file coords_16.pdb (PDB, C-alpha atoms)
ATOM      1  CA  MET A   1       8.049 125.644 -37.759
ATOM      2  CA  THR A   2       8.537 129.417 -37.697
ATOM      3  CA  ARG A   3      11.504 129.658 -35.339
ATOM      4  CA  ALA A   4      15.217 129.022 -35.390
ATOM      5  CA  LEU A   5      16.344 125.855 -33.603
ATOM      6  CA  ARG A   6      19.428 127.046 -31.722
ATOM      7  CA  LEU A   7      22.069 129.756 -31.573
ATOM      8  CA  TRP A   8      25.796 129.549 -30.832
ATOM      9  CA  PRO A   9      27.889 132.638 -29.953
ATOM     10  CA  LEU A  10      31.391 132.011 -31.370
ATOM     11  CA  LEU A  11      34.407 133.806 -29.912
ATOM     12  CA  THR A  12      36.629 134.494 -32.932
ATOM     13  CA  ALA A  13      39.179 136.838 -31.275
ATOM     14  CA  THR A  14      39.609 139.438 -28.560
ATOM     15  CA  HIS A  15      40.642 143.053 -28.990
ATOM     16  CA  ARG A  16      42.074 145.514 -26.483
ATOM     17  CA  TYR A  17      41.387 149.135 -27.374
ATOM     18  CA  ASP A  18      40.470 152.567 -26.050
ATOM     19  CA  LYS A  19      36.908 152.523 -24.722
ATOM     20  CA  SER A  20      36.032 155.700 -26.646
ATOM     21  CA  ILE A  21      35.979 153.535 -29.786
ATOM     22  CA  SER A  22      32.841 151.900 -28.356
ATOM     23  CA  THR A  23      31.247 154.862 -26.561
ATOM     24  CA  PHE A  24      30.980 158.224 -28.285
ATOM     25  CA  ASN A  25      32.829 160.947 -26.332
ATOM     26  CA  ARG A  26      33.212 158.637 -23.325
ATOM     27  CA  GLY A  27      36.031 156.621 -21.832
ATOM     28  CA  ARG A  28      39.034 158.142 -23.575
ATOM     29  CA  GLY A  29      42.200 156.760 -22.006
ATOM     30  CA  GLU A  30      40.409 153.741 -20.540
ATOM     31  CA  HIS A  31      41.297 150.435 -22.200
ATOM     32  CA  ILE A  32      38.853 147.561 -22.442
ATOM     33  CA  GLU A  33      39.112 143.997 -23.687
ATOM     34  CA  ALA A  34      36.335 143.184 -26.121
ATOM     35  CA  PRO A  35      35.194 139.867 -27.586
ATOM     36  CA  ILE A  36      34.930 139.634 -31.362
ATOM     37  CA  LEU A  37      31.938 137.416 -31.990
ATOM     38  CA  ALA A  38      30.221 135.594 -34.802
ATOM     39  CA  TYR A  39      26.929 133.769 -34.327
ATOM     40  CA  LEU A  40      25.846 130.462 -35.847
ATOM     41  CA  ILE A  41      22.083 130.065 -36.165
ATOM     42  CA  GLU A  42      20.540 126.732 -37.021
ATOM     43  CA  THR A  43      17.096 126.885 -38.619
ATOM     44  CA  PRO A  44      14.804 124.278 -40.187
ATOM     45  CA  ASN A  45      15.894 125.715 -43.553
ATOM     46  CA  GLY A  46      19.655 125.667 -43.022
ATOM     47  CA  ARG A  47      22.462 127.378 -41.108
ATOM     48  CA  ILE A  48      23.203 131.088 -40.977
ATOM     49  CA  LEU A  49      26.395 132.819 -39.848
ATOM     50  CA  TYR A  50      25.954 136.351 -38.572
ATOM     51  CA  ASP A  51      29.401 137.886 -39.146
ATOM     52  CA  VAL A  52      32.669 136.000 -39.635
ATOM     53  CA  GLY A  53      35.326 137.732 -37.520
ATOM     54  CA  CYS A  54      38.806 138.783 -38.655
ATOM     55  CA  ASP A  55      41.168 137.554 -41.343
ATOM     56  CA  HIS A  56      43.640 135.328 -39.475
ATOM     57  CA  ALA A  57      46.326 135.876 -42.138
ATOM     58  CA  LYS A  58      46.353 139.663 -41.667
ATOM     59  CA  ILE A  59      47.038 139.221 -37.964
ATOM     60  CA  HIS A  60      49.635 136.438 -38.139
ATOM     61  CA  THR A  61      51.552 137.172 -41.377
ATOM     62  CA  PRO A  62      54.157 139.831 -40.475
ATOM     63  CA  ALA A  63      54.001 141.724 -43.779
ATOM     64  CA  LEU A  64      50.201 141.798 -43.770
ATOM     65  CA  ARG A  65      50.056 142.757 -40.109
ATOM     66  CA  GLN A  66      52.382 145.672 -40.774
ATOM     67  CA  ARG A  67      50.289 146.750 -43.744
ATOM     68  CA  TYR A  68      46.865 146.597 -42.109
ATOM     69  CA  TYR A  69      47.554 147.135 -38.412
ATOM     70  CA  ASP A  70      50.473 149.568 -38.444
ATOM     71  CA  PRO A  71      49.960 151.583 -35.226
ATOM     72  CA  ALA A  72      51.160 154.687 -37.027
ATOM     73  CA  THR A  73      48.118 154.585 -39.302
ATOM     74  CA  PHE A  74      45.616 152.328 -37.503
ATOM     75  CA  ASP A  75      45.165 153.332 -33.885
ATOM     76  CA  MET A  76      43.028 150.340 -32.880
ATOM     77  CA  GLY A  77      45.920 147.898 -33.257
ATOM     78  CA  ALA A  78      45.600 144.227 -34.129
ATOM     79  CA  PRO A  79      43.220 141.852 -32.346
ATOM     80  CA  ASP A  80      44.432 138.694 -30.600
ATOM     81  CA  MET A  81      43.229 135.739 -32.673
ATOM     82  CA  ARG A  82      44.284 132.180 -31.913
ATOM     83  CA  ASP A  83      44.132 129.263 -34.343
ATOM     84  CA  GLU A  84      41.400 127.535 -32.364
ATOM     85  CA  GLN A  85      39.212 130.642 -32.697
ATOM     86  CA  ARG A  86      39.039 130.441 -36.480
ATOM     87  CA  LEU A  87      35.542 129.645 -37.709
ATOM     88  CA  PRO A  88      36.416 126.325 -39.391
ATOM     89  CA  HIS A  89      37.638 125.100 -35.981
ATOM     90  CA  HIS A  90      34.419 126.142 -34.260
ATOM     91  CA  LEU A  91      32.378 124.403 -36.937
ATOM     92  CA  ALA A  92      34.482 121.242 -36.643
ATOM     93  CA  ARG A  93      33.720 121.056 -32.914
ATOM     94  CA  LEU A  94      30.040 120.869 -33.886
ATOM     95  CA  GLY A  95      30.702 118.165 -36.483
ATOM     96  CA  LEU A  96      30.314 120.653 -39.330
ATOM     97  CA  THR A  97      32.436 122.177 -42.093
ATOM     98  CA  PRO A  98      32.127 125.552 -43.868
ATOM     99  CA  LYS A  99      30.223 123.692 -46.592
ATOM    100  CA  ASP A 100      27.394 123.224 -44.071
ATOM    101  CA  VAL A 101      26.740 126.982 -43.855
ATOM    102  CA  ASP A 102      23.932 128.128 -46.154
ATOM    103  CA  VAL A 103      23.842 131.909 -45.595
ATOM    104  CA  ILE A 104      26.481 134.331 -44.340
ATOM    105  CA  PHE A 105      24.853 137.519 -43.100
ATOM    106  CA  ILE A 106      27.334 140.389 -42.796
ATOM    107  CA  GLY A 107      26.024 142.951 -40.313
ATOM    108  CA  HIS A 108      28.629 145.432 -41.559
ATOM    109  CA  LEU A 109      31.929 145.347 -43.411
ATOM    110  CA  HIS A 110      34.452 146.350 -40.750
ATOM    111  CA  PHE A 111      37.574 144.171 -40.585
ATOM    112  CA  ASP A 112      36.488 142.362 -37.406
ATOM    113  CA  HIS A 113      33.148 141.323 -38.886
ATOM    114  CA  ALA A 114      33.858 140.539 -42.551
ATOM    115  CA  GLY A 115      37.539 139.515 -42.521
ATOM    116  CA  GLY A 116      36.861 135.770 -42.275
ATOM    117  CA  LEU A 117      35.020 135.552 -45.599
ATOM    118  CA  LYS A 118      38.045 134.593 -47.663
ATOM    119  CA  GLU A 119      39.087 131.722 -45.390
ATOM    120  CA  LEU A 120      35.561 130.276 -45.348
ATOM    121  CA  ARG A 121      35.457 130.288 -49.137
ATOM    122  CA  ARG A 122      38.878 128.602 -49.296
ATOM    123  CA  CYS A 123      37.395 125.863 -47.117
ATOM    124  CA  GLY A 124      34.605 125.210 -49.608
ATOM    125  CA  CYS A 125      31.869 127.454 -48.224
ATOM    126  CA  GLY A 126      29.487 128.313 -51.034
ATOM    127  CA  ALA A 127      26.955 130.134 -48.856
ATOM    128  CA  GLU A 128      25.068 133.171 -50.082
ATOM    129  CA  ILE A 129      26.640 136.307 -48.595
ATOM    130  CA  HIS A 130      23.976 138.839 -47.618
ATOM    131  CA  LEU A 131      24.938 142.501 -47.349
ATOM    132  CA  GLN A 132      23.073 145.789 -47.481
ATOM    133  CA  ARG A 133      23.543 147.808 -50.658
ATOM    134  CA  ASP A 134      24.166 150.977 -48.609
ATOM    135  CA  GLU A 135      26.989 149.159 -46.807
ATOM    136  CA  TRP A 136      28.566 148.097 -50.090
ATOM    137  CA  ASN A 137      28.290 151.588 -51.573
ATOM    138  CA  ALA A 138      29.920 153.138 -48.505
ATOM    139  CA  ALA A 139      32.754 150.599 -48.613
ATOM    140  CA  CYS A 140      33.338 151.350 -52.287
ATOM    141  CA  SER A 141      33.615 155.055 -51.478
ATOM    142  CA  GLY A 142      36.818 154.386 -49.547
ATOM    143  CA  GLN A 143      35.659 156.674 -46.720
ATOM    144  CA  ASP A 144      35.515 154.021 -43.966
ATOM    145  CA  SER A 145      39.021 153.244 -42.710
ATOM    146  CA  ALA A 146      37.832 150.166 -40.776
ATOM    147  CA  VAL A 147      36.916 148.410 -44.035
ATOM    148  CA  PHE A 148      39.889 146.531 -45.482
ATOM    149  CA  ASP A 149      39.435 146.387 -49.257
ATOM    150  CA  ASP A 150      41.133 143.004 -49.473
ATOM    151  CA  ASP A 151      38.436 141.478 -47.239
ATOM    152  CA  LEU A 152      35.938 142.082 -50.052
ATOM    153  CA  LEU A 153      37.924 140.100 -52.634
ATOM    154  CA  ASP A 154      38.512 136.420 -53.305
ATOM    155  CA  ASP A 155      41.966 134.905 -53.772
ATOM    156  CA  ASP A 156      41.897 135.920 -57.444
ATOM    157  CA  ALA A 157      41.281 139.574 -56.485
ATOM    158  CA  ARG A 158      37.706 139.447 -57.738
ATOM    159  CA  ALA A 159      34.848 140.963 -55.743
ATOM    160  CA  LEU A 160      33.109 138.416 -53.544
ATOM    161  CA  PRO A 161      29.616 137.510 -54.773
ATOM    162  CA  PHE A 162      27.598 139.562 -52.311
ATOM    163  CA  HIS A 163      23.810 139.311 -52.485
ATOM    164  CA  LEU A 164      22.951 142.989 -52.033
ATOM    165  CA  LYS A 165      19.796 143.661 -50.029
ATOM    166  CA  GLU A 166      17.827 146.814 -49.345
ATOM    167  CA  GLY A 167      16.154 147.278 -45.984
ATOM    168  CA  GLU A 168      14.650 144.779 -43.592
ATOM    169  CA  TYR A 169      13.633 141.242 -44.557
ATOM    170  CA  SER A 170      13.273 137.684 -43.258
ATOM    171  CA  VAL A 171      16.542 135.818 -43.707
ATOM    172  CA  ALA A 172      14.806 132.527 -42.809
ATOM    173  CA  PRO A 173      11.714 131.587 -40.813
ATOM    174  CA  GLY A 174      12.184 133.112 -37.379
ATOM    175  CA  VAL A 175      15.306 135.099 -38.380
ATOM    176  CA  HIS A 176      14.764 138.763 -39.262
ATOM    177  CA  ALA A 177      17.200 141.407 -40.543
ATOM    178  CA  ILE A 178      16.768 144.720 -38.704
ATOM    179  CA  ALA A 179      18.121 147.995 -40.109
ATOM    180  CA  THR A 180      20.259 149.898 -37.573
ATOM    181  CA  PRO A 181      22.469 152.390 -39.453
ATOM    182  CA  GLY A 182      24.719 154.879 -37.720
ATOM    183  CA  HIS A 183      27.870 152.982 -36.832
ATOM    184  CA  THR A 184      28.088 152.270 -40.568
ATOM    185  CA  ALA A 185      25.926 153.260 -43.513
ATOM    186  CA  GLY A 186      24.140 149.929 -43.857
ATOM    187  CA  HIS A 187      24.523 148.317 -40.450
ATOM    188  CA  MET A 188      22.076 145.471 -39.727
ATOM    189  CA  SER A 189      21.050 143.783 -36.492
ATOM    190  CA  MET A 190      19.165 140.477 -36.270
ATOM    191  CA  LEU A 191      16.098 139.216 -34.373
ATOM    192  CA  ILE A 192      16.103 135.458 -33.761
ATOM    193  CA  GLU A 193      13.020 133.606 -32.535
ATOM    194  CA  LEU A 194      13.984 130.462 -30.601
ATOM    195  CA  PRO A 195      11.932 127.395 -29.599
ATOM    196  CA  GLN A 196      12.152 128.124 -25.864
ATOM    197  CA  GLY A 197      11.936 131.351 -23.934
ATOM    198  CA  GLN A 198      12.582 134.813 -25.245
ATOM    199  CA  PRO A 199      13.861 135.748 -28.715
ATOM    200  CA  VAL A 200      17.410 137.081 -29.031
ATOM    201  CA  LEU A 201      18.053 140.455 -30.647
ATOM    202  CA  LEU A 202      21.659 140.737 -31.802
ATOM    203  CA  ALA A 203      22.527 144.430 -31.735
ATOM    204  CA  GLY A 204      25.729 143.962 -33.680
ATOM    205  CA  ASP A 205      27.855 147.078 -33.460
ATOM    206  CA  ALA A 206      24.804 149.286 -33.102
ATOM    207  CA  ALA A 207      25.574 148.661 -29.400
ATOM    208  CA  ASP A 208      29.062 147.447 -28.516
ATOM    209  CA  LEU A 209      28.490 147.537 -24.762
ATOM    210  CA  GLN A 210      25.582 147.263 -22.348
ATOM    211  CA  GLU A 211      26.369 150.889 -21.580
ATOM    212  CA  ASN A 212      25.427 151.859 -25.137
ATOM    213  CA  ILE A 213      21.996 150.324 -24.547
ATOM    214  CA  ASP A 214      21.372 151.487 -20.987
ATOM    215  CA  ASP A 215      22.534 155.079 -21.498
ATOM    216  CA  GLU A 216      21.621 155.343 -25.224
ATOM    217  CA  VAL A 217      25.204 156.273 -26.082
ATOM    218  CA  ALA A 218      26.217 156.028 -29.731
ATOM    219  CA  PRO A 219      29.179 153.865 -30.751
ATOM    220  CA  GLY A 220      32.447 155.777 -30.779
ATOM    221  CA  THR A 221      32.948 155.328 -34.514
ATOM    222  CA  LEU A 222      30.159 156.645 -36.716
ATOM    223  CA  TRP A 223      29.447 156.801 -40.419
ATOM    224  CA  GLN A 224      29.924 160.441 -41.416
ATOM    225  CA  GLY A 225      29.637 161.475 -37.764
ATOM    226  CA  ASN A 226      25.892 160.804 -37.595
ATOM    227  CA  GLU A 227      25.445 160.446 -33.837
ATOM    228  CA  GLN A 228      21.692 160.994 -33.914
ATOM    229  CA  GLN A 229      21.145 158.209 -36.441
ATOM    230  CA  ALA A 230      23.131 155.829 -34.236
ATOM    231  CA  VAL A 231      21.157 156.797 -31.116
ATOM    232  CA  HIS A 232      17.912 156.364 -33.048
ATOM    233  CA  SER A 233      19.008 152.825 -33.954
ATOM    234  CA  ILE A 234      19.687 152.018 -30.286
ATOM    235  CA  ARG A 235      16.239 153.312 -29.329
ATOM    236  CA  LYS A 236      14.699 151.297 -32.150
ATOM    237  CA  LEU A 237      16.367 148.127 -30.851
ATOM    238  CA  LYS A 238      15.180 148.806 -27.301
ATOM    239  CA  ALA A 239      11.621 149.370 -28.517
ATOM    240  CA  LEU A 240      11.722 146.182 -30.601
ATOM    241  CA  ALA A 241      13.065 144.241 -27.612
ATOM    242  CA  ARG A 242      10.169 145.492 -25.478
ATOM    243  CA  GLU A 243       7.644 144.697 -28.207
ATOM    244  CA  THR A 244       8.911 141.156 -28.818
ATOM    245  CA  ARG A 245      10.153 140.508 -25.237
ATOM    246  CA  ALA A 246      13.554 139.778 -26.755
ATOM    247  CA  ARG A 247      16.905 139.698 -24.969
ATOM    248  CA  LEU A 248      18.978 142.506 -26.484
ATOM    249  CA  TRP A 249      22.631 141.431 -26.772
ATOM    250  CA  PRO A 250      25.500 143.936 -27.029
ATOM    251  CA  ASN A 251      28.274 142.827 -29.340
ATOM    252  CA  HIS A 252      31.662 143.658 -27.780
ATOM    253  CA  ASP A 253      30.930 143.485 -24.058
ATOM    254  CA  MET A 254      33.227 140.980 -22.325
ATOM    255  CA  ALA A 255      31.233 140.857 -19.071
ATOM    256  CA  PHE A 256      28.052 140.124 -21.030
ATOM    257  CA  TYR A 257      29.761 137.512 -23.195
ATOM    258  CA  ARG A 258      31.026 135.655 -20.133
ATOM    259  CA  ARG A 259      27.431 135.172 -18.987
ATOM    260  CA  LEU A 260      26.474 133.365 -22.187
ATOM    261  CA  PRO A 261      26.551 129.554 -22.502
ATOM    262  CA  THR A 262      30.087 128.241 -22.950
ATOM    263  CA  PHE A 263      30.727 126.870 -26.428
ATOM    264  CA  PRO A 264      29.801 124.288 -27.677
ATOM    265  CA  ASN A 265      26.632 124.753 -25.630
ATOM    266  CA  ALA A 266      23.883 126.525 -27.546
ATOM    267  CA  VAL A 267      21.151 128.998 -26.703
ATOM    268  CA  ILE A 268      17.746 127.426 -27.416
TER     269      ILE A 268
END
call {"tool": "encode", "arguments": {"input": "coords_16.pdb", "output": "structure tokens"}}
result
Amino acid sequence: MTRALRLWPLLTATHRYDKSISTFNRGRGEHIEAPILAYLIETPNGRILYDVGCDHAKIHTPALRQRYYDPATFDMGAPDMRDEQRLPHHLARLGLTPKDVDVIFIGHLHFDHAGGLKELRRCGCGAEIHLQRDEWNAACSGQDSAVFDDDLLDDDARALPFHLKEGEYSVAPGVHAIATPGHTAGHMSMLIELPQGQPVLLAGDAADLQENIDDEVAPGTLWQGNEQQAVHSIRKLKALARETRARLWPNHDMAFYRRLPTFPNAVI
């Protein structure tokens, strides 16, 4: 068996923000509602989580919300995250617990993609946490304001045990890590071969919206302003999708998300 078995998109929160955050130099003043997604992939060798959503405590604890989402210093504002959208709840609906996850693959370290790590570990998840070394180094530089330092620490304020990777690799049979820097220094997408039909190519935040893909528009937030690197990553994903006949999924597009199977139904 060289393919994954099934894939579940997991809605972990929604976020209303200015569209220009998703499309470089486009849409300023237009507000969109975006899904914040994680993806559970079941393979013959175990289960993989691509991203883990936000930290529920930072949104729902008043002191933490003020610290991390103060509109005076953080113009994106706080996402809307309900209890039933927390990853342990999604897993429970599938008859699983966080202990049943074998690998957590962090596409990038922004708060809405890495914030759930601490809660999963509190719930007994001992999965390997895969992360690109370039992403870790950029986070340590303190130059990316969408990385919350606390998301990288355990409850004892020690650094989480990231397995630092360099470049593209096979995460498991049929699951491939694809380098797509630009939005962040070490951003990674993922190609998933499934038992039926076309593969799925998760763009991650290399392409928030279908518009990013169709018009080859960079995300609105870029690592060190490198628009060309971000556009190159979009073109790379489109070429890979053509080559593999994969379905290329944008990551924060509500209209696209609503066309996906309704959880707990899986893509196979």
call {"tool": "resolve_selection", "arguments": {"input": "coords_16.pdb", "expression": "the PyMOL selection byres ((chain A and resi 98) around 12)", "output": "PyMOL selection string"}}
result
chain A and resi 40+47-49+52+86-97+99-104+116-127
call {"tool": "resolve_selection", "arguments": {"input": "coords_16.pdb", "expression": "the PyMOL selection byres ((chain A and resi 41) around 9)", "output": "ChimeraX atom specification"}}
result
/A:4-9,39-40,42-43,46-50,175,192
call {"tool": "resolve_selection", "arguments": {"input": "coords_16.pdb", "expression": "the PyMOL selection byres ((chain A and resi 111) around 9)", "output": "list in words"}}
result
Gly53, Cys54, Asp55, Leu109, His110, Asp112, His113, Ala114, Gly115, Gly116, Ala146, Val147, Phe148 and Asp151 of chain A
call {"tool": "closest_residue", "arguments": {"input": "coords_16.pdb", "among": "A:Thr73, A:Thr244, A:Thr61, A:Thr2", "to": "Ser145 of chain A", "atoms": "only C-alpha atoms"}}
result
A:Thr73
call {"tool": "residues_near_point", "arguments": {"input": "coords_16.pdb", "point": "(25.4, 140.2, -35.5)", "cutoff": "8 Å", "atoms": "all atoms listed in the file", "output": "MDAnalysis selection string"}}
result
chainID A and resid 37:39 50:51 106:107 188:190 202:205 251
call {"tool": "residues_around", "arguments": {"input": "coords_16.pdb", "residues": "segment 158-174 of chain A", "least_positions_apart": "2", "cutoff": "9 Å", "atoms": "only C-alpha atoms", "output": "VMD selection string"}}
result
chain A and resid 1 to 4 43 to 46 48 103 105 117 to 118 128 to 134 136 151 to 156 176 to 179 186 188 191 to 194
call {"tool": "build_atoms", "arguments": {"input": "coords_16.pdb", "residues": "segment 170-186 of chain A", "atoms": "N, CA, C and O atoms", "output": "compact mmCIF listing (two decimals), in the coordinates of the input"}}
result
# COMPACT_ATOMS: atom_id res chain seq x y z
N SER A 170 13.11 138.95 -43.97
CA SER A 170 13.27 137.68 -43.26
C SER A 170 14.38 136.90 -43.94
O SER A 170 14.28 136.56 -45.11
N VAL A 171 15.43 136.60 -43.18
CA VAL A 171 16.54 135.82 -43.71
C VAL A 171 16.13 134.36 -43.83
O VAL A 171 16.50 133.66 -44.77
N ALA A 172 15.36 133.89 -42.86
CA ALA A 172 14.81 132.53 -42.81
C ALA A 172 13.64 132.59 -41.84
O ALA A 172 13.49 133.58 -41.11
N PRO A 173 12.80 131.57 -41.80
CA PRO A 173 11.71 131.59 -40.81
C PRO A 173 12.25 131.79 -39.40
O PRO A 173 13.14 131.07 -38.94
N GLY A 174 11.75 132.82 -38.73
CA GLY A 174 12.18 133.11 -37.38
C GLY A 174 13.46 133.90 -37.27
O GLY A 174 13.93 134.15 -36.15
N VAL A 175 14.05 134.33 -38.38
CA VAL A 175 15.31 135.10 -38.38
C VAL A 175 15.10 136.35 -39.24
O VAL A 175 14.89 136.24 -40.45
N HIS A 176 15.17 137.52 -38.60
CA HIS A 176 14.76 138.76 -39.26
C HIS A 176 15.90 139.78 -39.25
O HIS A 176 16.50 140.04 -38.20
N ALA A 177 16.18 140.37 -40.40
CA ALA A 177 17.20 141.41 -40.54
C ALA A 177 16.59 142.75 -40.16
O ALA A 177 15.53 143.13 -40.67
N ILE A 178 17.27 143.47 -39.26
CA ILE A 178 16.77 144.72 -38.70
C ILE A 178 17.75 145.84 -39.05
O ILE A 178 18.94 145.76 -38.71
N ALA A 179 17.26 146.89 -39.68
CA ALA A 179 18.12 148.00 -40.11
C ALA A 179 18.48 148.88 -38.93
O ALA A 179 17.59 149.41 -38.25
N THR A 180 19.77 149.07 -38.68
CA THR A 180 20.26 149.90 -37.57
C THR A 180 21.48 150.72 -38.01
O THR A 180 22.58 150.54 -37.49
N PRO A 181 21.32 151.61 -38.98
CA PRO A 181 22.47 152.39 -39.45
C PRO A 181 22.93 153.40 -38.40
O PRO A 181 22.22 153.72 -37.45
N GLY A 182 24.14 153.89 -38.60
CA GLY A 182 24.72 154.88 -37.72
C GLY A 182 26.18 154.58 -37.50
O GLY A 182 27.05 155.39 -37.84
N HIS A 183 26.47 153.41 -36.94
CA HIS A 183 27.87 152.98 -36.83
C HIS A 183 28.47 152.87 -38.22
O HIS A 183 29.60 153.32 -38.46
N THR A 184 27.74 152.27 -39.14
CA THR A 184 28.09 152.27 -40.57
C THR A 184 26.84 152.60 -41.37
O THR A 184 25.72 152.64 -40.83
N ALA A 185 27.02 152.80 -42.67
CA ALA A 185 25.93 153.26 -43.51
C ALA A 185 24.80 152.24 -43.62
O ALA A 185 23.62 152.60 -43.70
N GLY A 186 25.16 150.95 -43.64
CA GLY A 186 24.14 149.93 -43.86
C GLY A 186 24.14 148.88 -42.77
O GLY A 186 23.86 147.71 -43.03
